[in-house]
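Worksheet: the structure to be examined is printed underneath.
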Amino acid sequence: MPSDKNNKIPFNEDNYTHNIERNNERKLDRRGFMKTLVGAAGAFAVSSLPWGAVAAKELMGLGDKEYPHQKITDISDIPVGEAVEFTFPGEHDDALLVRLAENKYVAYQNACTHLRCPVFWKKEQGELLCPCHHGKFDVETGVPFAGPPRRPLPEIQLKVENGAVYAVRVKRYEA
Amino acid sequence: MKLRIVGVAVLCIILMLNVICTQYMVHQYYYENYINTLIFGGLNIFLFPTAIYVYKKTINAKA
């Protein structure tokens with residue numbers, strides 16, 4: 001809105017809030033901002049409690065967990081170079097078994113270590129690819145070599161027995 | 001005049017440390033270094049009373 005104030009200097013200054021131009025402007029002063037900062041620090045503190053709880057739970061002896069051995073697939077159902085999806089150890093922990101050679105199998109939990117998108121086996125390129133941000137993992141070791149992920153995929157230890165592949169346990173990272 | 005800014009600056013630094021500690025905490029959890037997770041979580045919790053202390057300390061700072 002055009003104002004004629006500028007043409008009358010000094011203009012009539014008859015209220016002490018003439019320099020407030022927005023609603024709640026006084027609520028956004030320095031001290032209000034500091035309160036927000038302290039509140040944010042509190043939110044961080046509260047949000048780290050569950051992480052501490054689960055970490056403490058893991059430390060209390062659940063170290064190297066042994067799960068019931070789970071049959072993934074029959075050897076005859078998975079040709080060399082192919083992959084099969086399964087879940088291990090829980091039904092929501094998606095995993096991927098890749099048959100690399102006649103007697104070589106690898107399996108990883110295939111939630112991408114960046115933002116947990118599913119990782120797929122690209123047979124032509126011979127690599128594990130997360131399509132979300134093009135994170136790529138080495139199929140032999142699970143170590144990321146491209147894209148945003150920095151942490152290897154958790155490897156699943158396997159056992160081949162009676163013409164079938166079994167998942168035994170989730171390998172722990174070596175600290 | 002300068003004193004006004006000190007409180008805000010210190011609180012901003014604390015918030016930055018919060019972000020860093022949270023980041024480390026989550027990453028160390030997924031790396032299965034649970035002791036480090038606890039350390040960084042503890043630091044995060046410790047920073048909250050520090051922030052309150054700084055806030056109260058600067059409440060009467062001269063303009």
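Letters A, B, ... mark the chains of the structure tokens in the order given; residue numbers begin at 1 per chain; ligand numbers begin at 1, in order shown.
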Original post:
Near chain A, which residues of chain B fall within 9 Å when you count only C-alpha atoms, and what do they look like as a PyMOL selection string?
Top reply: chain B and resi 4-5+7-8+11-12+14-15+18-19+22+25-27+29-35+37-49+51-52+55+59
Subject >> Selection near Ser76 in chain A, 12 Å with only C-alpha atoms, sequence-local residues under 5 positions removed, as a list in words >> reply: Glu82, Arg99, Glu102, Asn162, Gly163, Ala164 and Val165 of chain A
Output for the residues just chosen: C-alpha atoms as a PDB file, in the first residue's frame:
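Saved file selection_35.pdb follows:
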```
ATOM      1  CA  GLU A  82      20.520 -65.764 -10.201  1.00  0.00           C
ATOM      2  CA  ARG A  99      24.467 -67.787  -6.396  1.00  0.00           C
ATOM      3  CA  GLU A 102      28.479 -73.586  -8.721  1.00  0.00           C
ATOM      4  CA  ASN A 162      21.026 -81.823   1.551  1.00  0.00           C
ATOM      5  CA  GLY A 163      20.642 -79.908  -1.697  1.00  0.00           C
ATOM      6  CA  ALA A 164      19.277 -76.778  -0.073  1.00  0.00           C
ATOM      7  CA  VAL A 165      20.651 -73.477   1.195  1.00  0.00           C
TER       8      VAL A 165
END
```
Subject >> Spatial neighbours of Gln125 in chain A, max dist 12 Å, only C-alpha atoms, sep filter under 5 positions, as a ChimeraX atom specification >> reply: /A:81,120,136-139
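Put simply, CA of Gly142 in chain A is 21.0 Å away from CA of Gln70 in chain A.
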Please, which residues of range 19-165 of chain A, numbered as in this document, come out alpha helix (DSSP H) from DSSP, as a PDB file with C-alpha atoms, in the first residue's frame?
```pdb
ATOM      1  CA  ARG A  30      16.176 -12.937  20.277  1.00  0.00           C
ATOM      2  CA  ARG A  31      14.977 -14.485  23.518  1.00  0.00           C
ATOM      3  CA  GLY A  32      12.159 -16.334  21.771  1.00  0.00           C
ATOM      4  CA  PHE A  33      14.675 -17.680  19.333  1.00  0.00           C
ATOM      5  CA  MET A  34      16.880 -18.844  22.201  1.00  0.00           C
ATOM      6  CA  LYS A  35      13.929 -20.625  23.757  1.00  0.00           C
ATOM      7  CA  THR A  36      13.393 -22.418  20.469  1.00  0.00           C
ATOM      8  CA  LEU A  37      17.039 -23.460  20.447  1.00  0.00           C
ATOM      9  CA  VAL A  38      16.816 -24.833  23.989  1.00  0.00           C
ATOM     10  CA  GLY A  39      13.625 -26.670  23.049  1.00  0.00           C
ATOM     11  CA  ALA A  40      15.362 -28.192  20.056  1.00  0.00           C
ATOM     12  CA  ALA A  41      18.208 -29.370  22.305  1.00  0.00           C
ATOM     13  CA  GLY A  42      15.563 -30.975  24.518  1.00  0.00           C
ATOM     14  CA  ALA A  43      13.997 -32.699  21.533  1.00  0.00           C
ATOM     15  CA  PHE A  44      17.408 -34.101  20.583  1.00  0.00           C
ATOM     16  CA  ALA A  45      17.957 -35.309  24.135  1.00  0.00           C
ATOM     17  CA  VAL A  46      14.590 -37.077  24.271  1.00  0.00           C
ATOM     18  CA  SER A  47      15.028 -38.595  20.833  1.00  0.00           C
ATOM     19  CA  SER A  48      18.347 -40.169  21.817  1.00  0.00           C
ATOM     20  CA  LEU A  49      16.751 -42.086  24.708  1.00  0.00           C
ATOM     21  CA  PRO A  50      15.295 -44.950  22.609  1.00  0.00           C
ATOM     22  CA  TRP A  51      18.633 -45.383  20.810  1.00  0.00           C
ATOM     23  CA  GLY A  52      20.359 -45.661  24.147  1.00  0.00           C
ATOM     24  CA  ALA A  53      17.760 -48.184  25.266  1.00  0.00           C
ATOM     25  CA  VAL A  54      18.134 -50.483  22.272  1.00  0.00           C
ATOM     26  CA  ALA A  55      21.928 -50.186  22.399  1.00  0.00           C
ATOM     27  CA  ALA A  56      21.916 -51.150  26.083  1.00  0.00           C
ATOM     28  CA  LYS A  57      19.625 -54.052  25.268  1.00  0.00           C
ATOM     29  CA  GLU A  58      22.031 -55.266  22.595  1.00  0.00           C
ATOM     30  CA  LEU A  59      24.937 -54.960  25.020  1.00  0.00           C
TER      31      LEU A  59
END
```
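Going from CA of Phe88 in chain A over to CA of Glu66 in chain A, you cover 11.6 Å.
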